[in-house]
$ cat upload-v5.cif   # mmCIF, C-alpha atoms
data_protein
#
loop_
_atom_site.label_atom_id
_atom_site.label_comp_id
_atom_site.auth_asym_id
_atom_site.auth_seq_id
_atom_site.Cartn_x
_atom_site.Cartn_y
_atom_site.Cartn_z
CA MET W 1 3.44 5.60 -7.02
CA PHE W 2 1.67 7.87 -9.50
CA ASP W 3 4.07 10.66 -8.47
CA SER W 4 4.47 12.17 -11.94
CA LEU W 5 0.73 12.03 -12.67
CA THR W 6 -0.12 13.57 -9.29
CA ASP W 7 2.29 16.42 -9.93
CA ARG W 8 0.95 17.07 -13.44
CA LEU W 9 -2.71 16.97 -12.47
CA GLY W 10 -2.06 19.10 -9.39
CA GLY W 11 -0.50 21.78 -11.58
CA ILE W 12 -3.39 21.69 -14.04
CA PHE W 13 -6.09 22.12 -11.40
CA LYS W 14 -4.11 24.81 -9.60
CA LYS W 15 -3.92 26.80 -12.83
CA LEU W 16 -7.64 26.35 -13.51
CA ARG W 17 -8.57 27.43 -9.99
CA GLY W 18 -6.33 30.46 -10.34
CA GLN W 19 -8.37 31.81 -13.25
CA GLY W 20 -11.11 34.10 -12.01
CA HIS W 21 -13.61 32.91 -14.60
CA LEU W 22 -13.63 29.65 -16.54
CA THR W 23 -14.79 29.79 -20.14
CA GLU W 24 -15.38 26.93 -22.55
CA ALA W 25 -12.04 27.77 -24.19
CA ASN W 26 -9.87 27.52 -21.07
CA MET W 27 -11.88 24.53 -19.86
CA GLN W 28 -11.12 22.79 -23.17
CA ALA W 29 -7.45 23.71 -22.75
CA GLY W 30 -7.47 22.20 -19.26
CA LEU W 31 -9.03 18.99 -20.52
CA ARG W 32 -6.37 18.73 -23.23
CA GLU W 33 -3.68 19.04 -20.57
CA ILE W 34 -5.37 16.30 -18.50
CA ARG W 35 -5.39 14.10 -21.62
CA VAL W 36 -1.65 14.65 -22.20
CA ALA W 37 -0.89 14.00 -18.51
CA LEU W 38 -2.73 10.67 -18.58
CA LEU W 39 -1.05 9.57 -21.81
CA GLU W 40 2.39 10.49 -20.48
CA ALA W 41 1.60 8.43 -17.38
CA ASP W 42 1.21 5.44 -19.74
CA VAL W 43 -2.57 5.12 -19.43
CA ASN W 44 -4.02 3.17 -22.37
CA PHE W 45 -5.01 5.62 -25.11
CA ARG W 46 -8.50 4.06 -25.55
CA VAL W 47 -9.09 4.38 -21.80
CA VAL W 48 -7.98 8.03 -21.94
CA ARG W 49 -10.24 8.71 -24.93
CA ASP W 50 -13.32 7.24 -23.27
CA LEU W 51 -12.56 8.85 -19.89
CA LEU W 52 -12.08 12.33 -21.39
CA ALA W 53 -15.26 11.98 -23.45
CA ARG W 54 -17.27 11.39 -20.28
CA ILE W 55 -15.48 14.16 -18.39
CA LYS W 56 -16.00 16.62 -21.27
CA VAL W 57 -19.76 16.11 -21.35
CA LYS W 58 -20.04 16.90 -17.64
CA ALA W 59 -17.32 19.55 -17.52
CA LEU W 60 -18.96 21.68 -20.18
CA GLY W 61 -22.43 21.27 -18.69
CA ASP W 62 -24.30 23.91 -16.73
CA GLU W 63 -23.52 22.32 -13.35
CA VAL W 64 -19.81 23.06 -13.76
CA MET W 65 -19.73 26.13 -16.01
CA ASN W 66 -22.32 28.03 -13.97
CA SER W 67 -20.90 26.99 -10.61
CA LEU W 68 -19.43 29.55 -8.22
CA THR W 69 -16.35 27.29 -7.99
CA PRO W 70 -15.98 25.73 -11.48
CA GLY W 71 -12.40 24.61 -10.81
CA GLN W 72 -13.50 22.59 -7.78
CA GLN W 73 -16.50 21.22 -9.69
CA LEU W 74 -14.23 20.05 -12.51
CA LEU W 75 -11.99 18.33 -9.98
CA LYS W 76 -15.06 16.52 -8.61
CA VAL W 77 -16.08 15.42 -12.12
CA VAL W 78 -12.59 14.09 -12.86
CA ARG W 79 -12.50 12.29 -9.51
CA ASP W 80 -15.91 10.65 -10.00
CA GLU W 81 -15.10 9.49 -13.53
CA MET W 82 -11.70 8.09 -12.54
CA ILE W 83 -13.29 6.20 -9.66
CA GLY W 84 -15.78 4.71 -12.12
CA MET W 85 -12.93 3.77 -14.47
CA LEU W 86 -11.24 1.86 -11.62
CA GLY W 87 -14.36 -0.08 -10.70
CA GLY W 88 -16.23 2.14 -8.27
CA GLU W 89 -15.95 0.16 -5.03
CA HIS W 90 -13.52 -2.21 -3.37
CA GLN W 91 -14.51 -5.85 -3.91
CA GLU W 92 -13.79 -8.25 -1.07
CA LEU W 93 -12.62 -11.81 -1.68
CA LYS W 94 -15.35 -14.44 -1.86
CA PHE W 95 -15.26 -17.57 0.27
CA ALA W 96 -16.84 -20.97 -0.35
CA SER W 97 -19.98 -21.88 1.58
CA ARG W 98 -18.31 -25.26 2.24
CA PRO W 99 -14.61 -24.87 3.12
CA PRO W 100 -11.91 -24.97 2.08
CA THR W 101 -11.95 -22.00 -0.27
CA VAL W 102 -9.36 -22.41 -3.03
CA ILE W 103 -7.55 -19.31 -4.28
CA LEU W 104 -5.49 -19.90 -7.43
CA MET W 105 -2.62 -17.45 -7.98
CA ALA W 106 -1.56 -16.87 -11.59
CA GLY W 107 0.90 -14.59 -13.33
CA LEU W 108 4.06 -14.31 -15.36
CA GLN W 109 7.45 -15.25 -13.97
CA GLY W 110 9.00 -12.36 -12.06
CA SER W 111 5.70 -10.64 -11.31
CA GLY W 112 6.04 -11.28 -7.57
CA LYS W 113 3.43 -14.03 -7.51
CA THR W 114 5.03 -16.20 -4.81
CA THR W 115 5.69 -13.24 -2.52
CA THR W 116 2.16 -11.97 -3.09
CA ALA W 117 0.72 -15.38 -2.18
CA ALA W 118 2.49 -15.16 1.20
CA LYS W 119 1.36 -11.54 1.69
CA LEU W 120 -2.24 -12.53 1.02
CA ALA W 121 -1.97 -15.48 3.43
CA ARG W 122 -0.61 -13.22 6.17
CA ARG W 123 -3.39 -10.70 5.61
CA LEU W 124 -6.08 -13.37 5.79
CA LYS W 125 -4.54 -14.90 8.91
CA ALA W 126 -4.61 -11.48 10.59
CA ARG W 127 -8.35 -11.41 9.87
CA GLY W 128 -9.06 -14.67 11.64
CA LYS W 129 -8.64 -17.14 8.78
CA SER W 130 -6.44 -20.25 8.84
CA PRO W 131 -4.76 -20.25 5.40
CA LEU W 132 -2.57 -22.96 3.88
CA LEU W 133 0.02 -22.11 1.22
CA VAL W 134 0.50 -24.72 -1.49
CA PRO W 135 3.64 -24.48 -3.71
CA ALA W 136 2.51 -25.86 -7.08
CA ASP W 137 5.23 -24.00 -9.01
CA LEU W 138 7.56 -26.90 -9.73
CA SER W 139 9.23 -25.34 -12.77
CA ARG W 140 11.54 -23.25 -10.56
CA PRO W 141 13.64 -25.38 -8.17
CA ALA W 142 13.85 -22.55 -5.64
CA ALA W 143 10.12 -21.73 -5.69
CA ILE W 144 9.18 -24.31 -3.03
CA GLU W 145 11.91 -23.14 -0.66
CA GLN W 146 11.04 -19.49 -1.31
CA LEU W 147 7.40 -20.05 -0.37
CA ARG W 148 8.41 -22.07 2.69
CA ARG W 149 10.59 -19.18 3.96
CA LEU W 150 7.90 -16.63 3.22
CA GLY W 151 5.36 -18.84 4.98
CA GLU W 152 7.56 -18.84 8.09
CA GLN W 153 7.75 -15.02 7.99
CA ALA W 154 3.98 -14.81 7.62
CA GLY W 155 3.32 -17.44 10.30
CA VAL W 156 1.37 -19.56 7.81
CA PRO W 157 1.82 -23.34 7.21
CA VAL W 158 3.09 -24.48 3.81
CA PHE W 159 2.18 -27.80 2.18
CA PRO W 160 5.31 -30.03 1.95
CA SER W 161 5.68 -30.10 -1.83
CA THR W 162 8.55 -31.81 -3.69
CA VAL W 163 10.01 -31.21 -7.15
CA ASP W 164 9.43 -34.82 -8.23
CA ALA W 165 5.64 -34.41 -7.89
CA THR W 166 3.27 -32.89 -10.44
CA PRO W 167 1.59 -29.48 -10.06
CA LEU W 168 -1.82 -31.13 -10.30
CA GLY W 169 -0.95 -33.76 -7.69
CA VAL W 170 0.43 -31.14 -5.31
CA ALA W 171 -2.63 -28.91 -5.65
CA GLU W 172 -5.09 -31.76 -5.08
CA ALA W 173 -3.09 -33.08 -2.10
CA GLY W 174 -2.94 -29.56 -0.65
CA VAL W 175 -6.70 -29.20 -0.82
CA ARG W 176 -7.15 -32.61 0.86
CA MET W 177 -4.77 -31.62 3.65
CA ALA W 178 -6.65 -28.35 4.17
CA ARG W 179 -9.96 -30.21 4.40
CA GLU W 180 -8.55 -32.72 6.91
CA LYS W 181 -6.84 -30.11 9.12
CA GLY W 182 -9.42 -27.35 8.87
CA HIS W 183 -7.43 -24.82 6.86
CA ASP W 184 -9.35 -22.19 4.94
CA PRO W 185 -8.47 -20.79 2.45
CA VAL W 186 -5.99 -22.80 0.36
CA ILE W 187 -3.72 -20.45 -1.61
CA VAL W 188 -2.14 -22.27 -4.55
CA ASP W 189 1.03 -20.72 -5.99
CA THR W 190 1.36 -21.73 -9.65
CA ALA W 191 4.12 -21.65 -12.24
CA GLY W 192 4.80 -18.66 -14.46
CA ARG W 193 6.64 -18.07 -17.70
CA LEU W 194 8.49 -15.10 -19.15
CA HIS W 195 5.64 -14.77 -21.63
CA VAL W 196 2.15 -16.13 -22.22
CA ASP W 197 2.20 -19.57 -23.89
CA GLU W 198 -0.25 -22.40 -24.42
CA GLU W 199 1.70 -24.89 -22.26
CA LEU W 200 1.38 -22.57 -19.26
CA MET W 201 -2.32 -21.95 -19.90
CA ALA W 202 -3.05 -25.67 -20.28
CA GLU W 203 -1.38 -26.37 -16.92
CA LEU W 204 -3.35 -23.59 -15.24
CA ARG W 205 -6.64 -24.77 -16.75
CA SER W 206 -6.00 -28.29 -15.44
CA LEU W 207 -5.36 -26.88 -11.95
CA ARG W 208 -8.49 -24.75 -12.19
CA ASP W 209 -10.67 -27.65 -13.28
CA ALA W 210 -9.30 -29.98 -10.58
CA THR W 211 -9.40 -27.61 -7.60
CA ARG W 212 -12.47 -25.49 -8.54
CA PRO W 213 -11.13 -22.25 -7.13
CA VAL W 214 -13.52 -19.61 -5.84
CA GLU W 215 -10.97 -16.94 -6.74
CA ILE W 216 -8.45 -16.87 -9.60
CA LEU W 217 -6.18 -13.92 -8.88
CA TYR W 218 -3.75 -12.59 -11.45
CA VAL W 219 -0.60 -10.96 -10.07
CA ALA W 220 0.45 -8.13 -12.38
CA ASP W 221 3.77 -6.33 -12.12
CA ALA W 222 2.75 -2.65 -12.10
CA MET W 223 6.21 -1.64 -13.31
CA THR W 224 5.66 -3.33 -16.69
CA GLY W 225 2.99 -0.78 -17.65
CA GLN W 226 0.86 -1.69 -20.65
CA ASP W 227 2.51 -5.13 -20.90
CA ALA W 228 0.73 -5.98 -17.64
CA VAL W 229 -2.59 -5.03 -19.24
CA THR W 230 -1.91 -7.18 -22.31
CA SER W 231 -0.86 -10.26 -20.34
CA ALA W 232 -3.77 -9.89 -17.89
CA SER W 233 -6.17 -9.81 -20.83
CA SER W 234 -4.68 -13.06 -22.18
CA PHE W 235 -4.93 -14.79 -18.80
CA HIS W 236 -8.52 -13.60 -18.40
CA GLU W 237 -9.53 -14.97 -21.79
CA SER W 238 -8.00 -18.36 -20.99
CA LEU W 239 -8.84 -18.77 -17.28
CA GLY W 240 -11.63 -16.40 -16.37
CA LEU W 241 -9.93 -14.25 -13.73
CA THR W 242 -11.90 -13.03 -10.73
CA GLY W 243 -9.44 -10.40 -9.59
CA VAL W 244 -6.06 -8.73 -10.02
CA ILE W 245 -3.35 -7.98 -7.47
CA LEU W 246 -0.94 -5.23 -8.52
CA SER W 247 2.56 -5.95 -7.25
CA LYS W 248 5.45 -3.46 -7.02
CA LEU W 249 3.12 -0.48 -7.19
CA ASP W 250 5.49 1.40 -4.89
CA GLY W 251 8.15 1.26 -7.62
CA ASP W 252 5.98 2.60 -10.45
CA ALA W 253 6.07 6.40 -10.58
CA ARG W 254 3.80 6.61 -13.63
CA GLY W 255 1.12 4.02 -12.82
CA GLY W 256 -0.68 4.12 -16.16
CA GLY W 257 -0.82 0.35 -16.50
CA ALA W 258 -2.53 0.10 -13.12
CA LEU W 259 -5.08 2.73 -14.12
CA SER W 260 -5.77 1.01 -17.44
CA LEU W 261 -6.08 -2.56 -16.22
CA ARG W 262 -9.60 -2.50 -14.79
CA ALA W 263 -11.03 -0.56 -17.75
CA VAL W 264 -9.45 -2.82 -20.38
CA THR W 265 -10.02 -6.25 -18.81
CA GLY W 266 -13.15 -5.62 -16.74
CA VAL W 267 -11.48 -7.57 -13.91
CA PRO W 268 -11.54 -5.85 -10.49
CA ILE W 269 -8.28 -4.92 -8.77
CA ARG W 270 -8.45 -6.49 -5.32
CA PHE W 271 -5.11 -5.61 -3.68
CA VAL W 272 -1.91 -3.68 -4.30
CA GLY W 273 1.60 -4.52 -3.15
CA THR W 274 3.37 -1.54 -1.59
CA GLY W 275 6.71 -2.98 -0.50
CA GLU W 276 8.83 -6.10 -0.09
CA GLN W 277 7.77 -7.12 3.42
CA VAL W 278 5.07 -9.77 3.92
CA ASP W 279 2.75 -7.18 5.47
CA ALA W 280 3.02 -4.78 2.50
CA LEU W 281 -0.32 -5.58 0.89
CA GLU W 282 -3.27 -3.18 0.89
CA PRO W 283 -6.86 -3.58 -0.30
CA PHE W 284 -7.51 -1.57 -3.45
CA HIS W 285 -10.14 1.11 -2.90
CA PRO W 286 -10.76 3.04 -6.16
CA ASP W 287 -12.02 6.16 -4.38
CA ARG W 288 -9.04 6.28 -2.01
CA MET W 289 -6.55 5.66 -4.82
CA VAL W 290 -8.01 8.43 -6.97
CA SER W 291 -7.95 10.82 -4.01
CA ARG W 292 -4.23 10.08 -3.60
CA ILE W 293 -3.60 10.61 -7.31
CA LEU W 294 -5.39 13.97 -7.22
CA GLY W 295 -3.47 15.06 -4.12
CA MET W 296 -6.56 14.92 -1.89
CA GLY W 297 -5.11 12.47 0.64
CA ASP W 298 -6.40 9.16 1.93
CA VAL W 299 -7.30 9.53 5.58
CA LEU W 300 -9.21 6.24 5.83
CA SER W 301 -6.21 4.16 4.75
CA LEU W 302 -3.99 6.09 7.13
CA ILE W 303 -6.37 5.37 10.02
CA GLU W 304 -6.42 1.67 9.10
CA LYS W 305 -2.62 1.59 9.09
CA VAL W 306 -2.50 3.15 12.53
CA GLN W 307 -5.15 0.78 13.89
CA ALA W 308 -3.21 -2.20 12.53
CA VAL W 309 -0.11 -1.39 14.59
CA ALA W 310 -1.67 0.33 17.59
CA ASP W 311 -2.75 -1.40 20.79
CA GLU W 312 -5.88 0.18 22.28
CA LYS W 313 -4.80 -0.52 25.88
CA ASP W 314 -1.34 0.97 25.28
CA ALA W 315 -2.93 4.00 23.64
CA ARG W 316 -5.07 4.68 26.73
CA VAL W 317 -2.03 4.39 29.02
CA LEU W 318 -0.07 6.73 26.75
CA ALA W 319 -2.90 9.28 26.70
CA ARG W 320 -2.99 9.27 30.52
CA LYS W 321 0.77 9.80 30.71
CA MET W 322 0.55 12.71 28.30
CA ARG W 323 -2.25 14.33 30.33
CA GLN W 324 -0.24 13.92 33.53
CA ALA W 325 3.01 15.00 31.83
CA THR W 326 4.72 11.73 32.89
CA PHE W 327 5.59 10.83 29.27
CA THR W 328 9.15 9.42 29.25
CA LEU W 329 11.85 8.72 26.68
CA GLU W 330 10.84 5.05 27.01
CA ASP W 331 7.33 6.00 25.86
CA PHE W 332 8.79 8.18 23.12
CA ARG W 333 10.87 5.26 21.81
CA GLY W 334 7.73 3.14 21.65
CA GLN W 335 6.03 5.81 19.54
CA LEU W 336 9.01 5.99 17.16
CA ARG W 337 8.76 2.24 16.64
CA GLN W 338 5.04 2.56 15.89
CA VAL W 339 5.72 5.24 13.29
CA GLN W 340 8.36 3.08 11.59
CA LYS W 341 5.86 0.19 11.37
CA LEU W 342 3.49 2.41 9.39
CA GLY W 343 5.88 2.54 6.45
CA PRO W 344 7.96 5.17 4.64
CA LEU W 345 7.20 8.72 5.76
CA ASP W 346 6.75 10.01 2.20
CA GLN W 347 3.97 7.46 1.62
CA LEU W 348 2.25 8.43 4.86
CA LEU W 349 2.46 12.10 3.89
CA LYS W 350 0.58 11.43 0.64
CA MET W 351 -2.36 10.11 2.69
CA MET W 352 -2.78 13.44 4.46
CA PRO W 353 -5.06 15.95 2.70
CA GLY W 354 -3.16 18.99 1.52
CA ALA W 355 0.23 17.49 2.39
CA GLY W 356 0.86 15.52 -0.80
CA ASN W 357 3.10 18.22 -2.29
CA LEU W 358 5.30 18.46 0.79
CA SER W 359 8.54 16.56 0.60
CA ILE W 360 10.17 14.42 3.25
CA PRO W 361 13.99 14.42 3.10
CA GLU W 362 15.42 11.01 2.22
CA GLN W 363 17.36 10.99 5.49
CA SER W 364 14.21 11.30 7.63
CA GLY W 365 13.87 7.54 8.00
CA GLN W 366 17.53 7.32 9.00
CA GLU W 367 17.00 10.11 11.53
CA LEU W 368 14.21 8.13 13.18
CA LYS W 369 16.52 5.12 13.49
CA ARG W 370 19.34 7.33 14.80
CA THR W 371 17.02 8.81 17.41
CA GLU W 372 15.99 5.34 18.52
CA ALA W 373 19.66 4.29 18.70
CA ILE W 374 20.39 7.21 21.04
CA ILE W 375 17.51 6.23 23.34
CA ASN W 376 18.61 2.56 23.22
CA SER W 377 22.03 3.60 24.50
CA MET W 378 20.52 5.09 27.66
CA THR W 379 20.05 3.16 30.88
CA PRO W 380 16.47 2.34 32.00
CA GLY W 381 16.80 5.04 34.65
CA GLU W 382 17.84 7.66 32.09
CA ARG W 383 14.93 6.76 29.84
CA GLN W 384 12.55 7.19 32.79
CA ASP W 385 14.03 10.52 33.90
CA HIS W 386 15.85 12.48 31.22
CA THR W 387 16.85 15.22 33.69
CA ILE W 388 19.55 13.03 35.26
CA ILE W 389 21.53 12.88 32.02
CA ASN W 390 24.62 15.04 32.68
CA GLY W 391 27.68 15.73 30.54
CA GLY W 392 29.43 12.44 31.27
CA ARG W 393 26.31 10.42 30.55
CA ARG W 394 25.81 12.29 27.25
CA LYS W 395 29.32 11.32 26.11
CA ARG W 396 28.68 7.67 26.99
CA ILE W 397 25.30 7.68 25.16
CA ALA W 398 26.90 9.27 22.08
CA ARG W 399 29.63 6.59 21.97
CA GLY W 400 27.13 3.78 22.48
CA SER W 401 24.83 4.99 19.71
CA GLY W 402 27.56 5.85 17.24
CA THR W 403 26.43 9.48 17.14
CA SER W 404 27.73 12.76 18.53
CA VAL W 405 27.21 14.60 21.80
CA GLN W 406 25.54 17.34 19.74
CA ALA W 407 22.97 14.83 18.44
CA VAL W 408 22.25 13.67 22.00
CA ASN W 409 21.92 17.27 23.17
CA ARG W 410 19.54 18.07 20.32
CA LEU W 411 17.29 15.11 21.16
CA LEU W 412 17.19 15.97 24.87
CA LYS W 413 16.45 19.63 24.14
CA GLN W 414 13.58 18.70 21.83
CA PHE W 415 12.19 16.16 24.27
CA ALA W 416 12.36 18.71 27.09
CA SER W 417 10.36 21.14 24.90
CA LEU W 418 7.78 18.42 24.26
CA HIS W 419 7.57 17.70 27.98
CA ARG W 420 6.99 21.37 28.80
CA MET W 421 4.28 21.55 26.16
CA MET W 422 2.49 18.58 27.74
CA LYS W 423 2.54 20.23 31.17
CA LYS W 424 1.21 23.43 29.67
CA THR W 425 -1.59 21.87 27.60
CA GLY W 426 -2.50 18.93 29.81
CA GLY W 427 -1.53 16.44 27.12
CA ARG W 428 -3.63 18.00 24.36
CA PHE W 429 -2.00 17.78 20.95
CA ASP W 430 -0.45 21.08 19.80
CA PRO W 431 0.94 20.90 16.21
CA GLY W 432 2.62 24.27 16.65
CA ALA W 433 4.70 23.06 19.58
CA LEU W 434 5.75 19.92 17.71
CA ARG W 435 6.73 21.75 14.53
CA GLN W 436 10.23 22.38 15.86
CA MET W 437 10.92 18.69 16.46
CA LYS W 438 12.91 17.45 13.44
CA PHE W 439 13.81 13.81 13.35
#
$ encode --input "upload-v5.cif" --output "structure tokens"
Amino acid sequence: MFDSLTDRLGGIFKKLRGQGHLTEANMQAGLREIRVALLEADVNFRVVRDLLARIKVKALGDEVMNSLTPGQQLLKVVRDEMIGMLGGEHQELKFASRPPTVILMAGLQGSGKTTTAAKLARRLKARGKSPLLVPADLSRPAAIEQLRRLGEQAGVPVFPSTVDATPLGVAEAGVRMAREKGHDPVIVDTAGRLHVDEELMAELRSLRDATRPVEILYVADAMTGQDAVTSASSFHESLGLTGVILSKLDGDARGGGALSLRAVTGVPIRFVGTGEQVDALEPFHPDRMVSRILGMGDVLSLIEKVQAVADEKDARVLARKMRQATFTLEDFRGQLRQVQKLGPLDQLLKMMPGAGNLSIPEQSGQELKRTEAIINSMTPGERQDHTIINGGRRKRIARGSGTSVQAVNRLLKQFASLHRMMKKTGGRFDPGALRQMKF
């Protein structure tokens, strides 16, 4: 996401920092390039105009022009103004003082609304809530079954809706069931259309008036660019949205619609969808997102990802094994699985400061799986003590994993190097020693 914009802005700031002295003329030239980069990324032209006007006032002021590091100061100005454009701070969902809290999901057909409803339910369940999914989209015969399957994947109950009911009746019955069984919140999945029409809006207004939702969340397909901004504005005028969830952000290399949405509608972006799985939903933090766009990394989000998949007890055991150099291939396999849970390696790399311009080969994810397959083909004894793996065992492991003896040899050689490093350093992390390990 935002790949093209990140590349363009990175080049602009690198060129500005490379000039020994910044004058008003080359600062103006840099601002023009930023303007073109934003427009090419499909950011709304009015948003670009207003943003650049604010940046220009500060960029040509004494604080930047007289700074010892004007290029860095300009980067800070751009960052601060873009954060303001995106809303400043992350806004958490609100919950009713008297449960159940009703969350009404709205959006056009094909925006990923049903999938996003399940993602949100899973996220809230992981945070101690007891959500109930209510399928009130009766215009698509498969919508009820889709939400039921997604609910199973998310481990969240789904109200037993039927196509012969009415959306209003289903929504009201779902809220009653939640109240009786103690579910909170109630997430109501509503119908969509291929375009905004009055029939759709009338149905949504009736659901809103009957269920009195605390949150009305619009699911916008980030890949539709400015069309997402236009449709969100229409929904906001008709319903009074309280938040936006950007779906399919991982598939939008330009991202201009996402950057424009908050500034045009005034509605905060609450979450972003970053993949197809039910756990691929992240809270939207304007400051973190802007840091990613500007190639400055996003360490906080990376830490949260790690904490979400890591077990504190297991981590302490692993740390002890590394200190004592008793780290085995079994432990190594567990760490590979943890890494794969974090998501695509190229996305993780963008969260690391200074590493955003590095590229991860497309086959890296396949290499991780291949490495795990090799370890899976070993016996428990071989995973506990890699030194017993002789030539005959290596042939058997290669056949069982569908790889080659050379691949098995390479893994064992790299693991042996890692093991020696642990003995030498007492388990302390040494990036230099790990640099040679290529998976």
$ resolve_selection --input "upload-v5.cif" --expression "the PyMOL selection byres ((chain W and resi 245) around 8)" --output "PyMOL selection string"
chain W and resi 217-220+243-244+246-247+269-273
$ resolve_selection --input "upload-v5.cif" --expression "the PyMOL selection byres ((chain W and resi 281) around 8)" --output "list of chain:residue names"
W:Thr116, W:Lys119, W:Leu120, W:Arg123, W:Phe271, W:Val272, W:Gly273, W:Thr274, W:Gly275, W:Val278, W:Asp279, W:Ala280, W:Glu282, W:Pro283
$ atom_distance --input "upload-v5.cif" --atom1 "CA of Pro157 in chain W" --atom2 "CA of Pro131 in chain W"
7.5 Å
$ closest_residue --input "upload-v5.cif" --among "W:Leu9, W:Ala118, W:Ala59, W:Leu368" --to "Ala37 in chain W" --atoms "only C-alpha atoms"
W:Leu9
$ resolve_selection --input "upload-v5.cif" --expression "the PyMOL selection byres ((chain W and resi 104-109) around 10)" --output "JSON list (two decimals) with C-alpha atoms, in the coordinates of the input"
[["chain", "number", "residue", "atom", "x", "y", "z"],
["W", 101, "THR", "CA", -11.95, -22.00, -0.27],
["W", 102, "VAL", "CA", -9.36, -22.41, -3.03],
["W", 103, "ILE", "CA", -7.55, -19.31, -4.28],
["W", 110, "GLY", "CA", 9.00, -12.36, -12.06],
["W", 111, "SER", "CA", 5.70, -10.64, -11.31],
["W", 112, "GLY", "CA", 6.04, -11.28, -7.57],
["W", 113, "LYS", "CA", 3.43, -14.03, -7.51],
["W", 114, "THR", "CA", 5.03, -16.20, -4.81],
["W", 116, "THR", "CA", 2.16, -11.97, -3.09],
["W", 117, "ALA", "CA", 0.72, -15.38, -2.18],
["W", 134, "VAL", "CA", 0.50, -24.72, -1.49],
["W", 136, "ALA", "CA", 2.51, -25.86, -7.08],
["W", 140, "ARG", "CA", 11.54, -23.25, -10.56],
["W", 171, "ALA", "CA", -2.63, -28.91, -5.65],
["W", 186, "VAL", "CA", -5.99, -22.80, 0.36],
["W", 187, "ILE", "CA", -3.72, -20.45, -1.61],
["W", 188, "VAL", "CA", -2.14, -22.27, -4.55],
["W", 189, "ASP", "CA", 1.03, -20.72, -5.99],
["W", 190, "THR", "CA", 1.36, -21.73, -9.65],
["W", 191, "ALA", "CA", 4.12, -21.65, -12.24],
["W", 192, "GLY", "CA", 4.80, -18.66, -14.46],
["W", 193, "ARG", "CA", 6.64, -18.07, -17.70],
["W", 194, "LEU", "CA", 8.49, -15.10, -19.15],
["W", 195, "HIS", "CA", 5.64, -14.77, -21.63],
["W", 196, "VAL", "CA", 2.15, -16.13, -22.22],
["W", 200, "LEU", "CA", 1.38, -22.57, -19.26],
["W", 201, "MET", "CA", -2.32, -21.95, -19.90],
["W", 204, "LEU", "CA", -3.35, -23.59, -15.24],
["W", 207, "LEU", "CA", -5.36, -26.88, -11.95],
["W", 208, "ARG", "CA", -8.49, -24.75, -12.19],
["W", 211, "THR", "CA", -9.40, -27.61, -7.60],
["W", 212, "ARG", "CA", -12.47, -25.49, -8.54],
["W", 213, "PRO", "CA", -11.13, -22.25, -7.13],
["W", 214, "VAL", "CA", -13.52, -19.61, -5.84],
["W", 215, "GLU", "CA", -10.97, -16.94, -6.74],
["W", 216, "ILE", "CA", -8.45, -16.87, -9.60],
["W", 217, "LEU", "CA", -6.18, -13.92, -8.88],
["W", 218, "TYR", "CA", -3.75, -12.59, -11.45],
["W", 219, "VAL", "CA", -0.60, -10.96, -10.07],
["W", 220, "ALA", "CA", 0.45, -8.13, -12.38],
["W", 221, "ASP", "CA", 3.77, -6.33, -12.12],
["W", 228, "ALA", "CA", 0.73, -5.98, -17.64],
["W", 231, "SER", "CA", -0.86, -10.26, -20.34],
["W", 232, "ALA", "CA", -3.77, -9.89, -17.89],
["W", 235, "PHE", "CA", -4.93, -14.79, -18.80],
["W", 239, "LEU", "CA", -8.84, -18.77, -17.28],
["W", 241, "LEU", "CA", -9.93, -14.25, -13.73],
["W", 242, "THR", "CA", -11.90, -13.03, -10.73],
["W", 243, "GLY", "CA", -9.44, -10.40, -9.59],
["W", 244, "VAL", "CA", -6.06, -8.73, -10.02],
["W", 245, "ILE", "CA", -3.35, -7.98, -7.47]]
$ atom_distance --input "upload-v5.cif" --atom1 "CA of Leu329 in chain W" --atom2 "CA of Ser404 in chain W"
18.3 Å
$ atom_distance --input "upload-v5.cif" --atom1 "CA of Glu330 in chain W" --atom2 "CA of Pro380 in chain W"
8.0 Å
$ axis_aligned_box --input "upload-v5.cif" --around "range 117-120 of chain W" --padding-each-side "4 Å" --output "AutoDock Vina command-line options"
--center_x 0.1 --center_y -13.5 --center_z -0.2 --size_x 12.7 --size_y 11.8 --size_z 11.9
$ closest_residue --input "upload-v5.cif" --among "W:Met223, W:Met85, W:Leu38, W:Ala407" --to "Leu5 in chain W" --atoms "all atoms listed in the file"
W:Leu38
$ residues_around --input "upload-v5.cif" --residues "range 260-263 of chain W" --least-positions-apart "5" --cutoff "6 Å" --atoms "only C-alpha atoms" --output "list in words"
Val43, Asn44, Met85, Leu86, Val229 and Pro268 of chain W
$ closest_residue --input "upload-v5.cif" --among "W:Thr328, W:Ser291, W:Asn390, W:Gln335" --to "Met82 in chain W" --atoms "all atoms listed in the file"
W:Ser291
$ closest_residue --input "upload-v5.cif" --among "W:Gly84, W:Gly266, W:Gly255, W:Pro286" --to "Asp42 in chain W" --atoms "all atoms listed in the file"
W:Gly255
